[in-house]
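J.: Contents are TSV, C-alpha atoms; file name coords-v1.tsv:
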chain	number	residue	atom	x	y	z
A	1	ASN	CA	-20.30	-7.70	14.89
A	2	ASP	CA	-21.23	-11.37	14.26
A	3	LYS	CA	-17.57	-12.08	13.32
A	4	ASN	CA	-18.53	-13.57	9.95
A	5	ILE	CA	-17.55	-12.77	6.38
A	6	GLY	CA	-20.56	-13.05	4.05
A	7	ILE	CA	-20.15	-13.99	0.38
A	8	TRP	CA	-23.16	-12.68	-1.57
A	9	THR	CA	-24.58	-13.37	-5.01
A	10	ILE	CA	-25.89	-10.27	-6.83
A	11	GLU	CA	-28.93	-11.06	-8.94
A	12	THR	CA	-30.60	-8.72	-11.43
A	13	SER	CA	-33.99	-8.72	-13.07
A	14	SER	CA	-35.23	-6.36	-15.78
A	15	ASN	CA	-37.73	-6.27	-18.63
A	16	GLN	CA	-34.95	-5.04	-20.89
A	17	GLN	CA	-31.74	-6.78	-21.80
A	18	ASN	CA	-29.58	-3.79	-20.90
A	19	LYS	CA	-29.39	-2.45	-17.38
A	20	ASP	CA	-31.46	0.67	-16.88
A	21	LYS	CA	-33.41	2.45	-14.18
A	22	ASN	CA	-35.98	-0.38	-14.17
A	23	THR	CA	-33.38	-2.99	-13.27
A	24	LYS	CA	-33.96	-4.53	-9.84
A	25	TYR	CA	-31.10	-5.93	-7.79
A	26	SER	CA	-31.28	-8.49	-5.03
A	27	LEU	CA	-28.72	-10.17	-2.81
A	28	SER	CA	-28.63	-13.76	-1.69
A	29	LEU	CA	-26.15	-15.14	0.83
A	30	LYS	CA	-23.95	-17.69	-0.90
A	31	LYS	CA	-21.76	-18.70	2.04
A	32	GLU	CA	-20.37	-17.47	5.34
A	33	ILE	CA	-16.82	-17.64	6.67
A	34	SER	CA	-16.52	-17.70	10.46
A	35	ASN	CA	-13.81	-15.68	12.21
A	36	ASP	CA	-12.62	-15.27	15.82
A	37	GLY	CA	-12.83	-11.47	15.98
A	38	ILE	CA	-15.05	-8.67	14.64
A	39	ILE	CA	-14.15	-8.04	10.99
A	40	LEU	CA	-12.70	-4.55	10.47
A	41	SER	CA	-11.64	-4.70	6.82
A	42	ILE	CA	-11.75	-7.06	3.84
A	43	LEU	CA	-9.89	-6.95	0.54
A	44	GLU	CA	-9.92	-9.10	-2.59
A	45	LEU	CA	-6.36	-9.93	-3.63
A	46	THR	CA	-5.20	-10.11	-7.23
A	47	ASP	CA	-5.00	-13.92	-7.06
A	48	GLY	CA	-8.66	-14.22	-5.97
A	49	ARG	CA	-8.10	-14.85	-2.27
A	50	ILE	CA	-9.67	-12.63	0.40
A	51	ALA	CA	-7.69	-10.83	3.10
A	52	SER	CA	-9.39	-9.78	6.34
A	53	SER	CA	-8.35	-7.91	9.47
A	54	SER	CA	-10.21	-8.18	12.75
A	55	SER	CA	-10.45	-7.03	16.36
A	56	ASP	CA	-8.46	-10.05	17.59
A	57	LYS	CA	-5.36	-8.37	16.04
A	58	LYS	CA	-5.08	-11.05	13.33
A	59	ILE	CA	-4.90	-10.71	9.56
A	60	LYS	CA	-6.10	-13.75	7.63
A	61	ILE	CA	-5.99	-14.70	3.95
A	62	TRP	CA	-8.76	-17.03	2.81
A	63	TYR	CA	-9.64	-19.28	-0.08
A	64	VAL	CA	-13.23	-18.18	-0.60
A	65	ASN	CA	-14.58	-21.21	-2.47
A	66	ASP	CA	-13.30	-23.64	0.16
A	67	LYS	CA	-14.02	-21.29	3.11
A	68	LYS	CA	-10.50	-22.31	4.10
A	69	GLU	CA	-8.00	-20.20	6.01
A	70	ASP	CA	-4.74	-20.14	4.03
A	71	ILE	CA	-2.52	-17.77	6.05
A	72	LYS	CA	-2.92	-16.34	9.53
A	73	ILE	CA	-0.77	-13.34	10.45
A	74	GLU	CA	-0.26	-12.70	14.14
A	75	ASN	CA	0.28	-8.97	14.60
A	76	ASP	CA	3.17	-8.51	17.03
A	77	GLU	CA	2.24	-4.93	17.94
A	78	LEU	CA	-0.34	-3.48	20.27
A	79	GLY	CA	-3.62	-2.57	18.63
A	80	PHE	CA	-5.25	-3.82	15.44
A	81	GLU	CA	-5.04	-3.33	11.69
A	82	ALA	CA	-8.10	-1.37	10.57
A	83	CYS	CA	-7.49	-1.15	6.82
A	84	LEU	CA	-5.87	-3.16	4.03
A	85	ALA	CA	-4.50	-2.58	0.52
A	86	GLU	CA	-2.44	-4.52	-2.03
A	87	ALA	CA	0.61	-3.03	-3.76
A	88	SER	CA	4.01	-3.84	-5.20
A	89	THR	CA	6.95	-3.28	-2.86
A	90	LEU	CA	9.80	-4.49	-5.09
A	91	GLU	CA	11.02	-1.94	-7.63
A	92	ASN	CA	12.31	-4.59	-10.04
A	93	ASP	CA	9.23	-6.80	-9.80
A	94	GLU	CA	5.95	-4.87	-9.90
A	95	PHE	CA	3.97	-8.11	-10.28
A	96	ASN	CA	5.14	-9.33	-6.86
A	97	LYS	CA	2.39	-7.93	-4.63
A	98	SER	CA	2.41	-7.42	-0.89
A	99	LEU	CA	-0.44	-6.94	1.56
A	100	ILE	CA	-0.33	-3.50	3.16
A	101	SER	CA	-2.02	-2.80	6.49
A	102	GLY	CA	-2.51	0.13	8.83
A	103	GLY	CA	-4.21	0.72	12.15
A	104	ASN	CA	-3.89	2.26	15.57
A	105	SER	CA	-0.11	1.84	15.72
A	106	GLY	CA	0.20	4.64	13.14
A	107	LYS	CA	2.55	2.46	11.08
A	108	ILE	CA	2.28	1.00	7.58
A	109	LYS	CA	3.12	-2.69	7.53
A	110	CYS	CA	4.00	-4.70	4.41
A	111	TRP	CA	3.31	-8.44	4.53
A	112	ASN	CA	4.32	-11.31	2.24
A	113	ILE	CA	1.01	-12.73	0.97
A	114	PHE	CA	2.41	-16.24	0.61
A	115	SER	CA	4.39	-16.72	3.82
A	116	GLY	CA	2.59	-14.24	6.09
A	117	THR	CA	5.87	-12.74	7.26
A	118	ARG	CA	6.30	-9.00	7.63
A	119	ASP	CA	8.73	-7.64	5.06
A	120	TYR	CA	9.11	-4.20	6.59
A	121	MET	CA	7.35	-1.38	8.41
A	122	ILE	CA	7.07	2.34	7.60
A	123	GLU	CA	6.80	4.98	10.31
A	124	CYS	CA	4.18	7.67	9.64
A	125	ASN	CA	3.73	10.94	11.44
A	126	CYS	CA	0.32	10.04	12.86
A	127	SER	CA	-1.20	8.21	15.80
A	128	ILE	CA	-3.72	6.12	13.83
A	129	ILE	CA	-4.26	5.05	10.22
A	130	THR	CA	-7.97	4.91	9.44
A	131	CYS	CA	-8.15	4.03	5.72
A	132	MET	CA	-5.93	3.41	2.71
A	133	ILE	CA	-6.15	2.81	-1.03
A	134	ASN	CA	-3.79	1.79	-3.82
A	135	ILE	CA	-3.15	4.63	-6.31
A	136	ASN	CA	-0.80	2.74	-8.61
A	137	ASN	CA	1.38	-0.34	-8.40
A	138	HIS	CA	3.61	1.02	-5.66
A	139	THR	CA	1.92	4.15	-4.24
A	140	ILE	CA	-0.78	4.23	-1.58
A	141	ALA	CA	-2.85	7.01	-0.03
A	142	VAL	CA	-3.37	6.78	3.72
A	143	GLY	CA	-6.02	8.55	5.78
A	144	THR	CA	-5.20	9.47	9.39
A	145	GLY	CA	-7.06	10.10	12.60
A	146	GLU	CA	-5.66	13.62	12.84
A	147	GLY	CA	-6.89	14.75	9.40
A	148	PRO	CA	-3.89	14.74	7.02
A	149	ILE	CA	-3.72	12.30	4.11
A	150	ILE	CA	-0.30	10.78	3.45
A	151	ILE	CA	0.86	9.70	-0.03
A	152	VAL	CA	3.51	6.99	0.35
A	153	ASP	CA	5.75	5.59	-2.40
A	154	LEU	CA	6.56	2.07	-1.21
A	155	PHE	CA	9.72	2.01	-3.35
A	156	LYS	CA	10.94	5.12	-1.55
A	157	GLU	CA	9.35	4.78	1.87
A	158	LYS	CA	10.87	8.00	3.23
A	159	ASN	CA	9.27	9.97	0.39
A	160	GLN	CA	5.98	10.82	2.10
A	161	LYS	CA	3.78	13.67	0.87
A	162	TYR	CA	1.06	15.22	3.01
A	163	LEU	CA	-2.33	16.61	2.03
A	164	PHE	CA	-3.63	19.06	4.63
A	165	SER	CA	-7.22	20.32	4.73
A	166	HIS	CA	-9.46	18.02	6.79
A	167	LYS	CA	-10.00	19.20	10.36
A	168	ARG	CA	-10.90	15.79	11.80
A	169	CYS	CA	-10.43	12.07	11.19
A	170	VAL	CA	-10.43	10.90	7.54
A	171	ASN	CA	-13.01	8.10	7.26
A	172	SER	CA	-12.65	7.00	3.64
A	173	ILE	CA	-10.66	7.69	0.48
A	174	CYS	CA	-11.06	6.64	-3.15
A	175	TYR	CA	-9.19	7.28	-6.40
A	176	LEU	CA	-10.26	8.03	-9.98
A	177	LYS	CA	-7.40	6.95	-12.23
A	178	SER	CA	-8.73	8.51	-15.46
A	179	LYS	CA	-8.56	12.00	-13.92
A	180	ASP	CA	-5.78	11.34	-11.38
A	181	ARG	CA	-8.02	12.64	-8.62
A	182	LEU	CA	-8.24	11.54	-5.02
A	183	PHE	CA	-11.47	11.90	-3.03
A	184	SER	CA	-11.77	11.88	0.76
A	185	CYS	CA	-14.44	12.25	3.42
A	186	SER	CA	-14.11	13.05	7.08
A	187	LYS	CA	-15.74	13.46	10.47
A	188	ASP	CA	-15.62	17.19	9.70
A	189	MET	CA	-18.62	16.44	7.40
A	190	THR	CA	-16.81	17.47	4.21
A	191	ILE	CA	-15.85	15.71	0.99
A	192	LYS	CA	-12.64	16.92	-0.62
A	193	ILE	CA	-11.21	16.51	-4.13
A	194	TRP	CA	-7.42	16.45	-4.50
A	195	ASP	CA	-5.07	17.08	-7.43
A	196	LEU	CA	-2.19	14.67	-6.88
A	197	ASP	CA	0.14	16.56	-9.24
A	198	THR	CA	-0.01	19.74	-7.18
A	199	LEU	CA	-0.98	18.05	-3.87
A	200	THR	CA	-3.73	20.63	-3.42
A	201	CYS	CA	-7.43	20.45	-2.58
A	202	THR	CA	-9.30	21.65	-5.67
A	203	ASN	CA	-12.82	21.50	-4.27
A	204	THR	CA	-14.64	20.98	-0.97
A	205	LEU	CA	-18.25	19.83	-0.70
A	206	TYR	CA	-19.95	21.20	2.42
A	207	LYS	CA	-23.28	20.29	4.02
A	208	GLN	CA	-24.05	17.47	1.58
A	209	HIS	CA	-25.05	15.36	4.59
A	210	LYS	CA	-26.51	16.27	7.96
A	211	SER	CA	-24.08	14.09	9.90
A	212	ILE	CA	-20.65	12.43	9.68
A	213	ILE	CA	-19.75	11.03	6.24
A	214	TYR	CA	-18.40	7.51	6.66
A	215	GLY	CA	-17.74	6.24	3.15
A	216	ILE	CA	-17.15	7.25	-0.47
A	217	ILE	CA	-16.59	5.28	-3.68
A	218	VAL	CA	-16.25	6.09	-7.37
A	219	CYS	CA	-18.86	4.35	-9.52
A	220	GLU	CA	-18.40	4.98	-13.26
A	221	ASN	CA	-18.73	8.78	-13.56
A	222	ASP	CA	-20.29	9.37	-10.15
A	223	LEU	CA	-18.96	9.83	-6.65
A	224	ILE	CA	-21.13	8.08	-4.05
A	225	SER	CA	-21.14	9.04	-0.35
A	226	CYS	CA	-22.90	7.58	2.69
A	227	SER	CA	-23.49	9.14	6.06
A	228	ASN	CA	-24.62	8.59	9.62
A	229	ASP	CA	-27.76	10.58	8.66
A	230	GLY	CA	-29.02	7.47	6.84
A	231	THR	CA	-28.66	8.87	3.29
A	232	ILE	CA	-26.59	7.97	0.22
A	233	ASN	CA	-25.71	10.81	-2.16
A	234	ALA	CA	-24.42	10.72	-5.75
A	235	TYR	CA	-22.38	13.49	-7.41
A	236	SER	CA	-21.36	13.85	-11.04
A	237	ILE	CA	-17.59	13.98	-11.41
Here is a file; write its structure as structure tokens.
T.:
Amino acid sequence: NDKNIGIWTIETSSNQQNKDKNTKYSLSLKKEISNDGIILSILELTDGRIASSSSDKKIKIWYVNDKKEDIKIENDELGFEACLAEASTLENDEFNKSLISGGNSGKIKCWNIFSGTRDYMIECNCSIITCMININNHTIAVGTGEGPIIIVDLFKEKNQKYLFSHKRCVNSICYLKSKDRLFSCSKDMTIKIWDLDTLTCTNTLYKQHKSIIYGIIVCENDLISCSNDGTINAYSI
């Protein structure tokens, strides 16, 4: 809520050269970047710049080392962009990346990361987009406020596939490339594992937390979840 982006240095200390259970980690604030609105999402771009979205309806792209704002995107729609991803939107040039955003307009927006102009917009059958992640160069998974997850091929924007199982808002999604599995968590207090070949839910984890699950990430061979109950859980994948 302080409207700042913090850049942190991760420091480790251990009696052994290799990282093990005795390794201690500490964080030190390297620098802060001031912003006009509350930061809702941040993303590191392939070229090393940082993209941020905030409550003032602006998306900004920053040079981190200089703490310098490079591009400011004025969103011309009502609402704000709550989540960001990076993906290729040109079928003949997969190295030409675009910034992808979603929020309470229920639309996916594709932005040129050098000019800040909007290339195009994709209509989704939802009222709000809550989270998104890049699955491959040109495919993204989008979590919605109603519960479905939408798989969108940016080369074929009308080719949208839906994953139905969550009963409430999807809070976070992550992807494990080696097993082609998508993971999601929701306000319905479940974690779900998805097979993207069959578009089916292969497993549901119930009652792993005592309250709403807000975030999940894949870390090596573990799935990590965090919750409003104040706990962080790890699961072997």
J.: Find the distance between atom CA of A:Ile151 and atom CA of A:Trp194 and write it in Å to one decimal.
T.: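 About the pair atom CA of A:Ile151 and atom CA of A:Trp194: they are 11.6 Å apart.
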J.: Counting all atoms listed in the file, what is within 12 Å of A:Ile73, bar same-chain residues fewer than 5 positions away, as JSON, numbers by chain?
T.: {"A": [51, 52, 53, 54, 56, 57, 58, 59, 60, 61, 62, 80, 81, 99, 101, 109, 110, 111, 112, 113, 114, 115, 116, 117, 118]}
J.: List the neighbours of A:Phe155 out to 9 Å using all atoms listed in the file; skip same-chain residues closer than 6 positions along the sequence, and give me the result as a ChimeraX atom specification.
T.: /A:88-91,138-139
J.: Name the residues in contact with A:Leu27 at a cut-off of 8 Å, using only C-alpha atoms, excluding same-chain residues fewer than 3 positions from it; report them as a list of chain:residue names.
T.: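 What passes the distance filter is A:Trp8, A:Thr9, A:Ile10, A:Glu11.
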J.: Those same residues, written as an mmCIF file, in the frame of the given file with C-alpha atoms?
T.:
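Output saved as part_2.cif:
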data_model
loop_
_atom_site.group_PDB
_atom_site.id
_atom_site.type_symbol
_atom_site.label_atom_id
_atom_site.label_comp_id
_atom_site.auth_asym_id
_atom_site.auth_seq_id
_atom_site.Cartn_x
_atom_site.Cartn_y
_atom_site.Cartn_z
ATOM 1 C CA TRP A 8 -23.160 -12.680 -1.570
ATOM 2 C CA THR A 9 -24.580 -13.370 -5.010
ATOM 3 C CA ILE A 10 -25.890 -10.270 -6.830
ATOM 4 C CA GLU A 11 -28.930 -11.060 -8.940
#
J.: Using only C-alpha atoms, find the one residue out of A:Asn203, A:Ser26, A:Ser227, A:Asn35 that sits nearest to A:Gly6.
T.: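 Going through A:Asn203, A:Ser26, A:Ser227, A:Asn35 one by one, the smallest distance to A:Gly6 is for A:Asn35.
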J.: Tell me, as JSON, numbers by chain, which residues lie within 12 Å of A:Thr198, counting all atoms listed in the file; anything in the same chain fewer than 4 positions away does not count.
T.: {"A": [161, 162, 163, 180, 181, 182, 194, 202]}
J.: Can you tell me how far atom CA of A:Ile150 sits from atom CA of A:Ile129, in Å to one decimal?
T.: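 These atoms are spaced 9.7 Å apart.
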J.: Go ahead and compute the interatomic distance for atom CA of A:Ile212 and atom CA of A:Met189, in Å to one decimal.
T.: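 Atom CA of A:Met189 lies at a distance of 5.0 Å from atom CA of A:Ile212.
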J.: Determine the nearest neighbour of A:Ile38 from the options A:Cys226, A:Gly102, A:Lys3, A:Glu157, counting all atoms listed in the file.
T.: A:Lys3
J.: Contacts of A:Asn104 at 9 Å or less, counting only C-alpha atoms, minus same-chain residues fewer than 5 places along, as number ranges by chain?
T.: A: 78-82, 127-130, 145
J.: When you count only C-alpha atoms, which of these residues is closest to A:Tyr214: A:Phe164, A:Ile50, A:Cys131, A:Lys179?
T.: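 Of A:Phe164, A:Ile50, A:Cys131, A:Lys179, the one nearest A:Tyr214 is A:Cys131, counting only C-alpha atoms.
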J.: Looking at only C-alpha atoms, which of A:Leu43, A:Arg168, A:Lys210, A:Ile216 is the one that sits closest to A:Ser184?
T.: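 Ranking A:Leu43, A:Arg168, A:Lys210, A:Ile216 by distance to A:Ser184, first place goes to A:Ile216.
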J.: May I have the residues at most 9 Å from (-7.7, 18.1, 10.4) in the file's coordinates, counting all atoms listed in the file, as a list in words?
T.: Gly145, Glu146, Gly147, Pro148, Phe164, Ser165, His166, Lys167, Arg168, Cys169, Val170, Ser186 and Asp188 of chain A
J.: Which is closer to A:Ala141 than all the others in A:Ile191, A:Met121, A:Ile7, A:Ala87, using all atoms listed in the file?
T.: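 So, comparing all the options, the nearest one is A:Ala87.
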J.: With distances taken over all atoms listed in the file, which of A:Cys201, A:Leu196, A:Ile33, A:Val218 is nearest to A:Asn65?
T.: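 Under the stated criterion, the closest residue is A:Ile33.
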